[in-house]
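*Asks:* structure_11.txt is the file, holding compact mmCIF, C-alpha atoms:
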# COMPACT_ATOMS: atom_id res chain seq x y z
CA MET A 144 -7.01 -58.04 24.07
CA LYS A 145 -10.41 -58.11 25.79
CA TRP A 146 -13.67 -59.58 24.51
CA HIS A 147 -16.31 -57.63 22.60
CA GLY A 148 -19.89 -58.81 22.12
CA TRP A 149 -21.57 -58.71 18.71
CA MET A 150 -25.15 -59.74 19.47
CA LYS A 151 -26.45 -57.27 22.04
CA LYS A 152 -29.69 -55.57 23.00
CA SER A 153 -28.75 -52.08 24.12
CA VAL A 154 -30.37 -50.93 27.36
CA ALA A 155 -27.52 -49.00 28.98
CA ALA A 156 -28.33 -45.73 27.20
CA ALA A 157 -31.97 -45.90 28.25
CA ALA A 158 -31.01 -46.65 31.86
CA LEU A 159 -28.56 -43.73 31.92
CA ALA A 160 -31.19 -41.40 30.49
CA ALA A 161 -33.65 -42.48 33.18
CA VAL A 162 -31.11 -41.82 35.95
CA MET A 163 -30.29 -38.39 34.54
CA THR A 164 -33.99 -37.55 34.30
CA LEU A 165 -34.54 -38.64 37.90
CA CYS A 166 -31.56 -36.62 39.14
CA GLY A 167 -32.80 -33.54 37.28
CA ALA A 168 -36.26 -33.86 38.82
CA CYS A 169 -34.94 -34.21 42.38
CA ALA A 170 -32.34 -31.45 42.25
CA GLY A 171 -34.33 -28.50 43.59
CA VAL A 172 -32.71 -25.04 43.69
CA PRO A 173 -34.20 -22.37 45.99
CA LYS A 174 -35.37 -19.24 44.17
CA LEU A 175 -33.83 -16.23 45.88
CA GLU A 176 -34.84 -13.47 43.53
CA GLU A 177 -36.32 -12.96 40.10
CA PRO A 178 -33.46 -13.16 37.55
CA GLU A 179 -32.97 -10.56 34.89
CA GLU A 180 -34.41 -11.43 31.49
CA TYR A 181 -31.88 -13.51 29.58
CA VAL A 182 -31.31 -12.71 25.90
CA PRO A 183 -29.13 -15.33 24.12
CA THR A 184 -26.45 -14.14 21.72
CA ALA A 185 -26.46 -15.06 18.05
CA SER A 186 -23.66 -17.60 18.56
CA GLU A 187 -25.56 -19.22 21.44
CA LEU A 188 -28.69 -19.45 19.29
CA GLU A 189 -26.66 -21.14 16.54
CA LYS A 190 -25.25 -23.61 19.07
CA GLU A 191 -28.73 -24.42 20.38
CA ALA A 192 -30.04 -24.91 16.85
CA ALA A 193 -27.14 -27.22 15.98
CA GLN A 194 -27.70 -29.25 19.16
CA ALA A 195 -31.43 -29.52 18.44
CA SER A 196 -30.69 -30.70 14.90
CA TYR A 197 -28.22 -33.30 16.22
CA THR A 198 -30.69 -34.56 18.85
CA GLU A 199 -33.50 -34.80 16.31
CA GLY A 200 -31.28 -36.73 13.93
CA ALA A 201 -30.16 -39.13 16.67
CA GLN A 202 -33.78 -39.73 17.69
CA ASN A 203 -34.85 -40.39 14.10
CA THR A 204 -32.42 -43.25 13.46
CA ARG A 205 -31.58 -46.51 15.16
CA GLU A 206 -28.54 -48.77 15.01
CA THR A 207 -30.06 -52.15 14.23
CA GLN A 208 -28.43 -55.50 13.54
CA LEU A 209 -30.02 -57.14 10.50
CA TYR A 210 -29.32 -60.60 9.13
CA TYR A 211 -28.69 -60.96 5.40
CA ARG A 212 -27.57 -63.98 3.38
CA ASP A 213 -24.63 -64.25 1.04
CA ALA A 214 -24.44 -66.03 -2.31
CA SER A 215 -23.50 -69.30 -0.54
CA GLY A 216 -26.55 -69.23 1.71
CA TYR A 217 -24.87 -68.21 4.96
CA ILE A 218 -26.52 -65.65 7.21
CA ILE A 219 -24.39 -62.61 8.06
CA PRO A 220 -25.23 -60.17 10.91
CA VAL A 221 -24.77 -56.56 9.78
CA MET A 222 -25.39 -53.37 11.76
CA ARG A 223 -27.23 -50.70 9.81
CA THR A 224 -28.42 -47.25 10.84
CA ILE A 225 -32.04 -47.07 9.70
CA PRO A 226 -34.80 -44.46 10.08
CA TRP A 227 -36.66 -44.61 13.38
CA SER A 228 -40.37 -45.46 13.31
CA GLU A 229 -42.98 -46.51 15.84
CA GLY A 230 -43.27 -49.78 13.94
CA MET A 231 -39.54 -50.57 13.83
CA GLY A 232 -40.15 -54.30 13.43
CA GLU A 233 -42.01 -53.78 10.16
CA VAL A 234 -39.29 -51.38 9.00
CA VAL A 235 -36.72 -54.10 9.65
CA LEU A 236 -38.73 -56.63 7.63
CA SER A 237 -38.92 -54.16 4.75
CA TYR A 238 -35.11 -53.89 4.79
CA LEU A 239 -34.93 -57.69 4.51
CA THR A 240 -37.23 -57.81 1.47
CA ALA A 241 -35.79 -57.96 -2.06
CA GLY A 242 -36.93 -55.79 -4.92
CA THR A 243 -36.05 -52.35 -3.59
CA GLU A 244 -33.38 -49.80 -4.48
CA ASP A 245 -31.39 -51.24 -1.55
CA ASP A 246 -30.63 -54.37 -3.60
CA LEU A 247 -27.71 -52.73 -5.42
CA ARG A 248 -26.10 -51.53 -2.18
CA LEU A 249 -26.35 -55.03 -0.74
CA ALA A 250 -25.03 -56.69 -3.90
CA ALA A 251 -21.95 -54.44 -3.88
CA ARG A 252 -21.15 -55.89 -0.46
CA GLY A 253 -21.88 -59.51 -1.36
CA LEU A 254 -25.22 -59.54 0.48
CA ILE A 255 -28.76 -60.52 -0.54
CA ALA A 256 -32.09 -59.54 1.00
CA PRO A 257 -33.56 -62.92 2.08
CA LEU A 258 -37.31 -62.25 1.76
CA PRO A 259 -38.57 -62.75 -1.82
CA GLU A 260 -39.57 -59.69 -3.82
CA GLY A 261 -43.21 -58.79 -3.26
CA THR A 262 -43.42 -60.42 0.19
CA GLU A 263 -45.91 -58.62 2.40
CA SER A 264 -45.51 -58.75 6.17
CA SER A 265 -47.30 -57.65 9.30
CA LEU A 266 -46.05 -57.69 12.87
CA TYR A 267 -47.18 -56.98 16.39
CA VAL A 268 -45.44 -57.58 19.71
CA GLU A 269 -47.37 -58.60 22.82
CA ASP A 270 -45.91 -59.69 26.17
CA GLY A 271 -42.48 -60.21 24.60
CA VAL A 272 -43.81 -62.31 21.71
CA ALA A 273 -43.30 -61.02 18.17
CA HIS A 274 -46.11 -62.32 15.96
CA VAL A 275 -44.97 -62.03 12.35
CA ASP A 276 -47.12 -62.99 9.38
CA LEU A 277 -45.69 -63.39 5.87
CA ARG A 278 -47.61 -63.37 2.59
CA PHE A 279 -45.65 -64.43 -0.49
CA THR A 280 -47.58 -62.37 -3.03
CA GLY A 281 -44.65 -62.15 -5.44
CA GLY A 282 -43.50 -65.77 -5.29
CA THR A 283 -41.62 -67.95 -2.81
CA CYS A 284 -37.91 -68.68 -2.37
CA ALA A 285 -36.06 -70.36 -5.24
CA THR A 286 -34.52 -73.17 -3.16
CA LYS A 287 -34.93 -74.79 0.24
CA GLU A 288 -31.54 -73.34 1.23
CA ASP A 289 -32.85 -69.84 0.44
CA GLU A 290 -35.98 -70.62 2.44
CA CYS A 291 -33.95 -71.71 5.47
CA ALA A 292 -31.83 -68.57 5.22
CA MET A 293 -35.00 -66.45 5.10
CA LEU A 294 -36.32 -68.08 8.28
CA ILE A 295 -33.06 -67.53 10.17
CA SER A 296 -32.87 -63.93 8.99
CA VAL A 297 -36.40 -63.02 10.11
CA VAL A 298 -36.13 -64.70 13.52
CA ASN A 299 -32.68 -63.33 14.35
CA SER A 300 -33.39 -59.77 13.16
CA LEU A 301 -36.53 -59.53 15.30
CA MET A 302 -34.80 -61.01 18.35
CA GLU A 303 -32.34 -58.11 18.28
CA PHE A 304 -35.06 -55.96 19.89
CA SER A 305 -35.02 -55.80 23.70
CA THR A 306 -38.82 -56.09 23.71
CA VAL A 307 -38.77 -59.45 21.89
CA ASP A 308 -38.13 -62.72 23.74
CA THR A 309 -40.00 -65.04 21.37
CA VAL A 310 -40.82 -65.06 17.66
CA GLN A 311 -43.90 -66.80 16.27
CA LEU A 312 -44.25 -67.12 12.49
CA THR A 313 -47.45 -67.57 10.47
CA ILE A 314 -48.04 -67.71 6.71
CA ASP A 315 -51.13 -66.02 5.29
CA GLY A 316 -52.44 -65.75 8.84
CA ASN A 317 -52.12 -69.49 9.54
CA ALA A 318 -49.77 -71.45 11.79
CA VAL A 319 -47.70 -73.88 9.69
CA ASP A 320 -45.37 -76.81 10.33
CA SER A 321 -43.20 -75.99 7.32
CA LEU A 322 -42.59 -73.36 4.66
CA PRO A 323 -43.65 -73.94 1.00
CA LEU A 324 -40.39 -75.74 0.07
CA GLY A 325 -40.32 -77.89 3.21
CA THR A 326 -38.24 -75.95 5.75
CA PRO A 327 -39.57 -76.95 9.23
CA VAL A 328 -41.14 -74.17 11.31
CA GLU A 329 -41.16 -74.35 15.11
CA THR A 330 -44.19 -73.28 17.13
CA ALA A 331 -42.05 -70.53 18.68
CA TYR A 332 -38.41 -69.42 18.58
CA THR A 333 -36.84 -68.33 21.86
CA GLU A 334 -33.23 -67.87 20.77
CA PRO A 335 -31.42 -66.87 17.57
CA LEU A 336 -30.82 -69.54 14.92
CA ILE A 337 -27.34 -70.34 13.65
CA ASN A 338 -25.29 -71.22 10.56
CA VAL A 339 -24.31 -74.87 10.90
CA GLU A 340 -21.68 -76.86 9.00
CA PRO A 341 -22.59 -79.03 7.25
CA MET A 342 -25.75 -77.20 6.17
CA GLY A 343 -28.86 -79.14 7.09
CA ALA A 344 -27.49 -80.32 10.45
CA PRO A 345 -29.64 -79.63 13.56
CA MET A 346 -29.53 -75.95 14.47
CA ASN A 347 -28.43 -76.34 18.08
CA ARG A 348 -25.08 -75.73 19.78
CA GLU A 349 -24.43 -79.16 21.27
CA GLY A 350 -21.25 -80.83 20.01
CA LYS A 351 -20.31 -77.82 17.91
CA LEU A 352 -17.55 -75.20 17.89
CA GLN A 353 -18.27 -71.60 16.99
CA LEU A 354 -15.92 -70.41 14.25
CA TYR A 355 -15.54 -67.25 12.19
CA PHE A 356 -14.61 -66.97 8.51
CA ALA A 357 -14.66 -64.19 5.91
CA ASN A 358 -17.30 -64.10 3.20
CA GLU A 359 -16.21 -64.70 -0.38
CA VAL A 360 -15.33 -61.06 -1.07
CA GLY A 361 -13.55 -60.60 2.27
CA SER A 362 -15.82 -57.81 3.48
CA TYR A 363 -17.61 -59.42 6.45
CA LEU A 364 -17.19 -61.95 9.23
CA VAL A 365 -19.44 -65.01 9.03
CA PRO A 366 -20.18 -66.95 12.25
CA VAL A 367 -20.66 -70.72 11.81
CA TRP A 368 -21.04 -73.68 14.13
CA ARG A 369 -19.06 -76.76 13.13
CA ILE A 370 -19.78 -80.27 14.35
CA VAL A 371 -16.75 -81.81 16.11
CA ASP A 372 -16.07 -84.71 18.42
CA THR A 373 -16.87 -83.64 21.99
CA GLN A 374 -13.34 -84.50 23.17
CA GLU A 375 -11.90 -82.26 20.45
CA ALA A 376 -13.84 -79.15 21.50
CA THR A 377 -10.70 -77.39 22.77
CA PRO A 378 -9.15 -73.96 22.12
CA ALA A 379 -6.38 -75.58 20.07
CA THR A 380 -8.88 -77.44 17.87
CA ALA A 381 -10.96 -74.28 17.39
CA VAL A 382 -7.96 -72.31 16.10
CA GLU A 383 -6.89 -75.21 13.88
CA GLU A 384 -10.39 -75.37 12.37
CA LEU A 385 -10.13 -71.70 11.36
CA ILE A 386 -7.60 -72.73 8.72
CA SER A 387 -10.08 -74.91 6.84
CA PRO A 388 -13.48 -73.58 5.72
CA VAL A 389 -15.67 -76.25 4.15
CA GLU A 390 -14.65 -76.78 0.53
CA GLY A 391 -17.08 -75.13 -1.86
CA SER A 392 -18.79 -73.19 0.95
CA GLY A 393 -17.79 -69.79 -0.41
CA LEU A 394 -16.15 -68.93 2.92
CA VAL A 395 -12.54 -67.83 3.23
CA SER A 396 -10.10 -68.51 6.06
CA LEU A 397 -9.09 -65.46 8.10
CA LEU A 398 -5.53 -66.79 8.24
CA PRO A 399 -3.04 -66.29 5.39
CA PRO A 400 -2.34 -69.15 2.96
CA ALA A 401 0.18 -71.70 4.28
CA CYS A 402 -0.13 -70.26 7.82
CA GLN A 403 0.09 -72.98 10.47
CA VAL A 404 -0.83 -73.14 14.15
CA VAL A 405 2.34 -73.94 16.10
CA ASP A 406 0.57 -74.33 19.44
CA VAL A 407 -2.19 -72.94 21.67
CA THR A 408 -1.74 -72.84 25.46
CA VAL A 409 -3.86 -71.43 28.28
CA ASP A 410 -2.14 -70.39 31.55
CA PRO A 411 -3.77 -70.57 35.04
CA GLU A 412 -4.77 -66.87 34.82
CA GLY A 413 -6.86 -67.56 31.70
CA THR A 414 -4.55 -66.04 29.07
CA ALA A 415 -4.50 -68.01 25.84
CA GLN A 416 -1.27 -67.76 23.86
CA VAL A 417 -1.79 -68.58 20.19
CA ASN A 418 1.45 -69.17 18.34
CA PHE A 419 1.45 -69.08 14.52
CA SER A 420 4.06 -69.76 11.86
CA GLU A 421 5.82 -66.86 10.14
CA GLU A 422 3.23 -66.66 7.32
CA PHE A 423 0.88 -64.92 9.79
CA MET A 424 3.05 -61.79 9.44
CA THR A 425 1.68 -61.13 5.93
CA LEU A 426 -1.51 -59.83 7.56
CA SER A 427 0.32 -56.68 8.66
CA ALA A 428 0.22 -55.43 5.05
CA MET A 429 -3.57 -55.94 4.79
CA PRO A 430 -5.32 -53.91 7.53
CA ASN A 431 -8.85 -55.05 6.63
CA MET A 432 -8.01 -58.76 6.66
CA GLU A 433 -5.89 -58.25 9.76
CA ARG A 434 -8.88 -56.64 11.48
CA LEU A 435 -11.15 -59.54 10.50
CA ALA A 436 -8.55 -62.09 11.59
CA MET A 437 -8.05 -60.52 15.02
CA ARG A 438 -11.79 -60.25 15.62
CA GLY A 439 -12.39 -63.78 14.40
CA LEU A 440 -9.66 -65.23 16.59
CA THR A 441 -10.87 -63.29 19.62
CA LEU A 442 -14.50 -64.33 19.22
CA THR A 443 -13.65 -67.96 18.45
CA LEU A 444 -11.68 -68.24 21.70
CA ALA A 445 -14.29 -66.29 23.69
CA GLN A 446 -16.57 -69.35 23.67
CA PHE A 447 -14.26 -71.04 26.19
CA GLU A 448 -15.10 -69.95 29.73
CA GLU A 449 -11.56 -70.50 31.00
CA ILE A 450 -10.12 -67.92 28.58
CA GLN A 451 -10.12 -64.30 29.74
CA ASP A 452 -7.53 -62.78 27.39
CA ILE A 453 -5.39 -63.79 24.41
CA GLN A 454 -1.92 -63.11 23.14
CA ILE A 455 -1.01 -63.68 19.49
CA CYS A 456 2.57 -64.74 18.76
CA VAL A 457 4.50 -65.51 15.60
CA GLU A 458 7.22 -68.10 16.12
CA GLY A 459 7.11 -67.28 19.85
CA ILE A 460 7.37 -63.48 19.42
CA PRO A 461 4.33 -61.33 20.43
CA TYR A 462 2.48 -59.92 17.42
CA GLU A 463 1.21 -56.33 17.54
CA PRO A 464 -1.65 -55.48 15.12
CA SER A 465 -1.41 -52.28 13.12
CA VAL A 466 -2.90 -49.00 14.36
CA ALA A 467 -5.36 -49.10 11.44
CA THR A 468 -6.74 -52.40 12.70
CA TRP A 469 -7.58 -51.05 16.15
CA ALA A 470 -8.93 -47.80 14.69
CA GLN A 471 -11.65 -49.81 12.90
CA GLU A 472 -12.68 -51.80 15.98
CA SER A 473 -16.43 -51.81 16.63
CA PRO A 474 -18.75 -53.49 19.16
CA TRP A 475 -20.73 -54.85 16.19
CA LEU A 476 -19.53 -57.91 14.28
CA ASN A 477 -20.10 -56.19 10.90
CA VAL A 478 -21.10 -52.65 9.95
CA MET A 479 -22.68 -51.51 6.67
CA GLN A 480 -22.00 -47.85 5.96
Hey, can you dump this file as structure tokens for me?
*Replies:*
Amino acid sequence: MKWHGWMKKSVAAAALAAVMTLCGACAGVPKLEEPEEYVPTASELEKEAAQASYTEGAQNTRETQLYYRDASGYIIPVMRTIPWSEGMGEVVLSYLTAGTEDDLRLAARGLIAPLPEGTESSLYVEDGVAHVDLRFTGGTCATKEDECAMLISVVNSLMEFSTVDTVQLTIDGNAVDSLPLGTPVETAYTEPLINVEPMGAPMNREGKLQLYFANEVGSYLVPVWRIVDTQEATPATAVEELISPVEGSGLVSLLPPACQVVDVTVDPEGTAQVNFSEEFMTLSAMPNMERLAMRGLTLTLAQFEEIQDIQICVEGIPYEPSVATWAQESPWLNVMQ
């Protein structure tokens, strides 16, 4: 089972297109004689029209990872296919703003648009810096937790663009040290912000393990960073921590109830063998939870440089996920259809 990234800025397609364009420009073909006039058949015209329609549709949308919050205040990365526009950053901010017909679609999936209804925004990018200005014309966030979630959502969503290296936030055109309810604002953000347990802890990665849980309705993976003793930041501890989301957090363990970690070992070649108790087998009857569990386990162990591959076992016997689980695999952490 190999690793898959979930926060990525896609440049491969653009690079491939550039190479193909270059090759086409350099591939000269000598003209020997004037060809006869070509008249396409009806079927060929239909094929060309279909291809043109497909290309136009592909050019008019973009797969974009947006960051929404759930009812417990956690930020959840979700890939959405949204209409393409020259001002994509402002389109993204509109998708993060409450008070639109999109609210019902989000609510059905346990998600909430983090920007308060009526928020106006403007954005321009210069030399890799995204300058975003917010104007709370319809009212501010209800709580400081909501305000913090809004900040994380805006910063992370904008940093998904390959043209953005830094995000600078202003309110009503002015630089601020904090938001209306007291959430601190940095001069500039140069990397995505994170969910930290317990909430309110410093949003850095030092002394923390990255873990993955399901949201309350079991529809999405939620990445969190949990503070642990430095000496306990091991693969075995990380898997053990997956059993226990913080009480009252609204998060759900990816592992079945009563499931225990028998042991976790890493061989010299970098293969981690994770051995669970027999309760793990109940996942085979729940393809969606099985898919979330396999992704969560894989990504949790991917933070350890010494691990190159993993093998899941149940009472020492290799566990094979269902075909349905692999059929739903995606390079994105979560996808909203």
*Asks:* One decimal, in Å: what's the spacing between CA of Glu303 (chain A) and CA of Pro335 (chain A)?
*Replies:*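 Atom-to-atom, CA of Glu303 (chain A) and CA of Pro335 (chain A) are spaced 8.8 Å apart.
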*Asks:* With all atoms listed in the file as the basis for distance, which of A:Cys284, A:Ala357, A:Val389, A:Ala256 is at the shortest distance from Gly242 (chain A)?
*Replies:*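 Checking each candidate against Gly242 (chain A), we get A:Ala256 as the closest.
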*Asks:* CA of Thr468 (chain A) and CA of Ser420 (chain A), how far apart in Å?
*Replies:*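 That distance, rounded to one decimal, is 20.5 Å.
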*Asks:* Could you check the closest approach to Val319 (chain A) for each of A:Glu449, A:Asp276, A:Asp289, A:Asp410 and tell me which residue wins, using only C-alpha atoms?
*Replies:*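 Closest to Val319 (chain A), using only C-alpha atoms: A:Asp276.
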*Asks:* Just the residues within 8 Å of Val382 (chain A), please, counting all atoms listed in the file, with nothing from its chain fewer than 4 positions along; format it as a list in words.
*Replies:*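 The residues satisfying every condition are Pro378, Ile386, Val404, Leu440, Thr443 and Leu444 of chain A.
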*Asks:* Given all atoms listed in the file as the basis, pick out the residue of A:Gln311, A:Gln446, A:Ser300, A:Ser392 nearest to Val275 (chain A).
*Replies:*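 Comparing A:Gln311, A:Gln446, A:Ser300, A:Ser392 against Val275 (chain A), the winner is A:Gln311.
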*Asks:* Hey, can you check how far CA of Asp246 (chain A) sits from CA of Gly361 (chain A)?
*Replies:*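 Calculated distance between CA of Asp246 (chain A) and CA of Gly361 (chain A) is 19.1 Å.
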*Asks:* In file coordinates, which residues lie within 9 Å of (-44.3, -59.7, 10.2) using all atoms listed in the file, given as JSON, numbers by chain?
*Replies:* {"A": [232, 233, 236, 263, 264, 265, 266, 267, 273, 274, 275, 276, 277, 297, 312, 313]}
*Asks:* Taking all atoms listed in the file into account, produce a table as a Markdown table in which each residue of region 312-398 of chain A with an atom at most 12 Å from an atom of region 427-433 of chain A appears once, together with its shortest atom pair and the distance in Å to one decimal, ordered by chain and rising number.
*Replies:*
| residue | atom | partner | partner_atom | distance |
| --- | --- | --- | --- | --- |
| A:Phe356 | CA | A:Met432 | CA | 10.7 |
| A:Ala357 | CA | A:Met432 | CA | 8.6 |
| A:Asn358 | CA | A:Met432 | CA | 11.3 |
| A:Val360 | CA | A:Met432 | CA | 10.9 |
| A:Gly361 | CA | A:Met432 | CA | 7.3 |
| A:Ser362 | CA | A:Asn431 | CA | 8.1 |
| A:Tyr363 | CA | A:Met432 | CA | 9.6 |
| A:Leu364 | CA | A:Met432 | CA | 10.1 |
| A:Val395 | CA | A:Met432 | CA | 10.7 |
| A:Ser396 | CA | A:Met432 | CA | 10.0 |
| A:Leu397 | CA | A:Met432 | CA | 6.9 |
| A:Leu398 | CA | A:Met432 | CA | 8.6 |
*Asks:* Given only C-alpha atoms as the basis, pick out the residue of A:Pro323, A:Gly413, A:Gly230, A:Gly282 nearest to Asp452 (chain A).
*Replies:* A:Gly413
*Asks:* Would you please work out which residue, of A:Ser305, A:Arg348, A:Ser215, A:Ile295, is nearest to Pro327 (chain A) when using only C-alpha atoms?
*Replies:*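 Counting only C-alpha atoms, the residue closest to Pro327 (chain A) is A:Ile295.
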*Asks:* Name the closest residue to Cys402 (chain A) among the candidates A:Asp320, A:Glu390, A:Glu329, A:Glu383; distances are taken between atoms, counting only C-alpha atoms.
*Replies:*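 Checking each candidate against Cys402 (chain A), we get A:Glu383 as the closest.
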*Asks:* List as number ranges by chain the protein and nucleic acid residues near Gln480 (chain A), meaning an atom at most 10 Å away when all atoms listed in the file are counted, but skip any in the same chain fewer than 4 places from it.
*Replies:* A: 221-224, 248
